[in-house]
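Peer 1: Below you'll find run25.csv; it's CSV, C-alpha atoms and all ligand atoms.
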```csv
chain,number,residue,atom,x,y,z
A,1,MET,CA,-18.9,9.0,3.6
A,2,VAL,CA,-16.8,12.0,4.6
A,3,ASP,CA,-13.5,13.3,3.2
A,4,VAL,CA,-10.9,13.5,6.1
A,5,PRO,CA,-7.9,15.9,5.5
A,6,VAL,CA,-4.6,14.1,5.9
A,7,CYS,CA,-1.9,16.7,5.2
A,8,ASN,CA,-0.8,19.2,2.6
A,9,GLU,CA,0.3,17.6,-0.7
A,10,ALA,CA,3.8,19.0,-0.2
A,11,GLU,CA,4.1,17.1,3.1
A,12,LEU,CA,3.6,13.7,1.4
A,13,THR,CA,6.4,13.1,-1.0
A,14,ASN,CA,6.8,10.1,-3.3
A,15,GLY,CA,7.0,6.9,-1.3
A,16,GLU,CA,6.0,8.5,2.0
A,17,MET,CA,3.1,7.5,4.2
A,18,ARG,CA,0.9,9.4,6.7
A,19,LEU,CA,-1.3,7.9,9.4
A,20,VAL,CA,-4.7,9.3,10.1
A,21,ARG,CA,-7.3,8.3,12.7
A,22,SER,CA,-11.0,8.0,12.0
A,23,GLY,CA,-12.9,6.8,14.9
A,24,LYS,CA,-11.3,3.5,16.0
A,25,ARG,CA,-9.6,3.1,12.6
A,26,GLU,CA,-6.1,4.0,11.8
A,27,ILE,CA,-5.5,4.5,8.0
A,28,GLY,CA,-2.2,4.8,6.2
A,29,VAL,CA,-2.2,7.1,3.2
A,30,LEU,CA,0.6,6.6,0.8
A,31,ARG,CA,1.8,8.5,-2.3
A,32,HIS,CA,3.6,6.8,-5.1
A,33,ASP,CA,4.3,8.2,-8.6
A,34,GLY,CA,1.7,10.9,-8.2
A,35,ARG,CA,-1.1,8.7,-7.1
A,36,TYR,CA,-2.6,8.2,-3.6
A,37,PHE,CA,-3.5,5.0,-1.9
A,38,ALA,CA,-5.1,4.4,1.5
A,39,TYR,CA,-5.4,1.2,3.6
A,40,GLU,CA,-6.4,0.4,7.1
A,41,ASN,CA,-3.3,0.0,9.1
A,42,SER,CA,-4.2,-3.5,10.2
A,43,CYS,CA,-2.8,-6.6,8.6
A,44,PRO,CA,-5.3,-9.4,7.9
A,45,HIS,CA,-2.7,-11.9,9.2
A,46,GLN,CA,-2.4,-10.9,12.9
A,47,GLY,CA,-3.2,-7.2,12.9
A,48,GLY,CA,0.2,-5.8,12.4
A,49,PRO,CA,0.8,-2.2,11.2
A,50,ALA,CA,1.0,-3.1,7.5
A,51,CYS,CA,1.1,0.5,6.3
A,52,GLU,CA,4.2,1.1,8.3
A,53,GLY,CA,6.2,-1.5,6.4
A,54,LEU,CA,8.5,-1.2,3.4
A,55,LEU,CA,7.3,-0.1,0.1
A,56,MET,CA,9.3,-2.0,-2.5
A,57,PRO,CA,9.1,-3.4,-6.0
A,58,ALA,CA,7.7,-6.9,-6.5
A,59,VAL,CA,10.3,-9.7,-6.9
A,60,LYS,CA,9.5,-11.8,-10.0
A,61,ASP,CA,11.1,-14.8,-11.6
A,62,VAL,CA,13.0,-14.2,-14.8
A,63,ILE,CA,12.4,-16.8,-17.5
A,64,GLY,CA,14.9,-16.7,-20.3
A,65,GLU,CA,14.9,-18.4,-23.7
A,66,ASN,CA,13.4,-21.8,-23.9
A,67,GLY,CA,11.5,-21.2,-20.7
A,68,VAL,CA,14.6,-21.6,-18.5
A,69,TYR,CA,14.6,-19.9,-15.1
A,70,THR,CA,17.5,-17.5,-14.9
A,71,GLY,CA,16.9,-15.9,-11.5
A,72,GLN,CA,14.9,-13.1,-10.0
A,73,ASP,CA,14.6,-9.4,-10.5
A,74,TYR,CA,12.6,-6.4,-9.2
A,75,ASP,CA,9.5,-5.5,-11.1
A,76,ARG,CA,9.1,-1.7,-10.6
A,77,SER,CA,5.7,-1.7,-12.3
A,78,GLU,CA,4.2,-3.5,-9.3
A,79,MET,CA,4.9,-2.1,-5.9
A,80,HIS,CA,4.3,-4.1,-2.7
A,81,LEU,CA,3.7,-2.9,0.8
A,82,VAL,CA,5.4,-5.3,3.2
A,83,CYS,CA,3.9,-5.8,6.7
A,84,PRO,CA,6.7,-5.3,9.2
A,85,TRP,CA,5.6,-8.1,11.5
A,86,HIS,CA,5.9,-11.2,9.4
A,87,GLY,CA,6.5,-10.0,5.8
A,88,TYR,CA,3.2,-10.5,4.1
A,89,GLU,CA,3.3,-8.5,0.9
A,90,PHE,CA,0.3,-6.6,-0.4
A,91,ARG,CA,0.0,-5.0,-3.8
A,92,LEU,CA,0.0,-1.2,-3.5
A,93,SER,CA,-2.5,-0.9,-6.3
A,94,ASP,CA,-5.4,-2.8,-4.7
A,95,GLY,CA,-4.2,-4.1,-1.3
A,96,ARG,CA,-4.4,-7.7,-2.2
A,97,HIS,CA,-1.8,-10.2,-0.9
A,98,ALA,CA,0.8,-10.9,-3.6
A,99,VAL,CA,0.0,-14.6,-3.7
A,100,ASP,CA,-3.5,-15.1,-2.2
A,101,GLY,CA,-5.7,-12.4,-3.6
A,102,ASP,CA,-8.5,-13.3,-1.1
A,103,VAL,CA,-6.4,-11.9,1.7
A,104,ARG,CA,-6.3,-8.1,1.5
A,105,LEU,CA,-6.0,-4.9,3.3
A,106,ARG,CA,-9.1,-2.8,3.7
A,107,LYS,CA,-9.0,-0.1,1.0
A,108,TYR,CA,-10.1,3.5,1.1
A,109,ASP,CA,-10.2,6.2,-1.6
A,110,ALA,CA,-7.5,8.9,-1.3
A,111,PHE,CA,-7.0,12.0,-3.4
A,112,ALA,CA,-5.6,15.5,-3.5
A,113,ARG,CA,-7.8,18.6,-3.9
A,114,ASP,CA,-6.6,22.2,-3.8
A,115,GLY,CA,-3.2,21.2,-2.4
A,116,VAL,CA,-4.6,19.0,0.4
A,117,VAL,CA,-4.6,15.2,0.6
A,118,TYR,CA,-7.9,13.6,1.7
A,119,VAL,CA,-9.0,10.1,2.5
A,120,THR,CA,-12.7,9.1,2.2
A,121,VAL,CA,-14.0,7.2,5.2
B,201,LIG,S1,0.7,-9.4,11.1
B,201,LIG,FE1,1.2,-8.8,9.1
B,201,LIG,S2,2.4,-10.4,8.3
B,201,LIG,FE2,1.7,-11.0,10.2
```
Let me see the file written as structure tokens.
Peer 2:
Amino acid sequence: MVDVPVCNEAELTNGEMRLVRSGKREIGVLRHDGRYFAYENSCPHQGGPACEGLLMPAVKDVIGENGVYTGQDYDRSEMHLVCPWHGYEFRLSDGRHAVDGDVRLRKYDAFARDGVVYVTV
């Protein structure tokens, strides 16, 4: 395993993504709320550039009193990466599909050290 430099920390602001190549792999490194996430930029559906999609809060059903459905709202505690080709949604936290957890993006470790962001490949 080797730590590959991605960019300076200041170049990757909250909600942004940088692509880095490692051999034949293209990896998207994202920053959200001070944490770093890295996934192979290849969707398990049909190979789309999943890391280049929208980063948005999960949409959850809102259940009111007596268990009555009252609509939907964003849940900002769970962010989703949305593949731009057909809209598959993956949890930013672990790369698993929002509905079918067996479908997932390939995950890598990403971190910052001495002002530089790295991904471990
Ligand atoms: S290729 Fe990603 S949703 Fe189809």
Peer 1: Quick one: residues within 12 Å of His45 of chain A, only C-alpha atoms, excluding same-chain residues fewer than 3 positions away - as a short mmCIF file (atom, residue, chain, number, x, y, z; two decimals) with C-alpha atoms, keeping the file's coordinate frame?
Peer 2:
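selection_27.cif was written with the following content:
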```cif
data_model
loop_
_atom_site.label_atom_id
_atom_site.label_comp_id
_atom_site.auth_asym_id
_atom_site.auth_seq_id
_atom_site.Cartn_x
_atom_site.Cartn_y
_atom_site.Cartn_z
CA ASN A 41 -3.30 0.00 9.10
CA SER A 42 -4.20 -3.50 10.20
CA GLY A 48 0.20 -5.80 12.40
CA PRO A 49 0.80 -2.20 11.20
CA ALA A 50 1.00 -3.10 7.50
CA CYS A 83 3.90 -5.80 6.70
CA PRO A 84 6.70 -5.30 9.20
CA TRP A 85 5.60 -8.10 11.50
CA HIS A 86 5.90 -11.20 9.40
CA GLY A 87 6.50 -10.00 5.80
CA TYR A 88 3.20 -10.50 4.10
CA GLU A 89 3.30 -8.50 0.90
CA PHE A 90 0.30 -6.60 -0.40
CA HIS A 97 -1.80 -10.20 -0.90
CA ASP A 100 -3.50 -15.10 -2.20
CA ASP A 102 -8.50 -13.30 -1.10
CA VAL A 103 -6.40 -11.90 1.70
CA ARG A 104 -6.30 -8.10 1.50
CA LEU A 105 -6.00 -4.90 3.30
#
```
Peer 1: Give me, please, the distance in Å between atom CA of Leu12 of chain A and atom CA of Asp109 of chain A, quoted to one decimal.
Peer 2: 16.0 Å
Peer 1: Could you jot down the atom FE1 of ligand LIG 201 (chain B) to atom CA of Gln46 of chain A separation for me, Å, one decimal place?
Peer 2: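 Distance reported for this atom pair: 5.6 Å.
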Peer 1: Enter the distance from atom CA of Ala110 of chain A to atom CA of Ala98 of chain A, in Å, rounded to one decimal.
Peer 2: 21.6 Å
Peer 1: Pick the closest to Tyr39 of chain A from A:Met1, A:Leu54, A:Ala10, A:Val121: which is it, counting only C-alpha atoms?
Peer 2: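 Between A:Met1, A:Leu54, A:Ala10, A:Val121, the residue approaching Tyr39 of chain A most closely is A:Val121.
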Peer 1: For ligand LIG 201 (chain B), which residue out of A:Gly71, A:Gly115, A:Gly28, A:Pro44 is the nearest one, using all atoms listed in the file?
Peer 2: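 Among the listed residues, A:Pro44 lies closest to ligand LIG 201 (chain B).
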Peer 1: Excluding His80 of chain A and its own-chain neighbours fewer than 2 positions away, which residues fall within 7 Å of it when counting only C-alpha atoms? Please give them as JSON, numbers by chain.
Peer 2: {"A": [55, 56, 57, 58, 78, 82, 89, 90, 91, 92]}
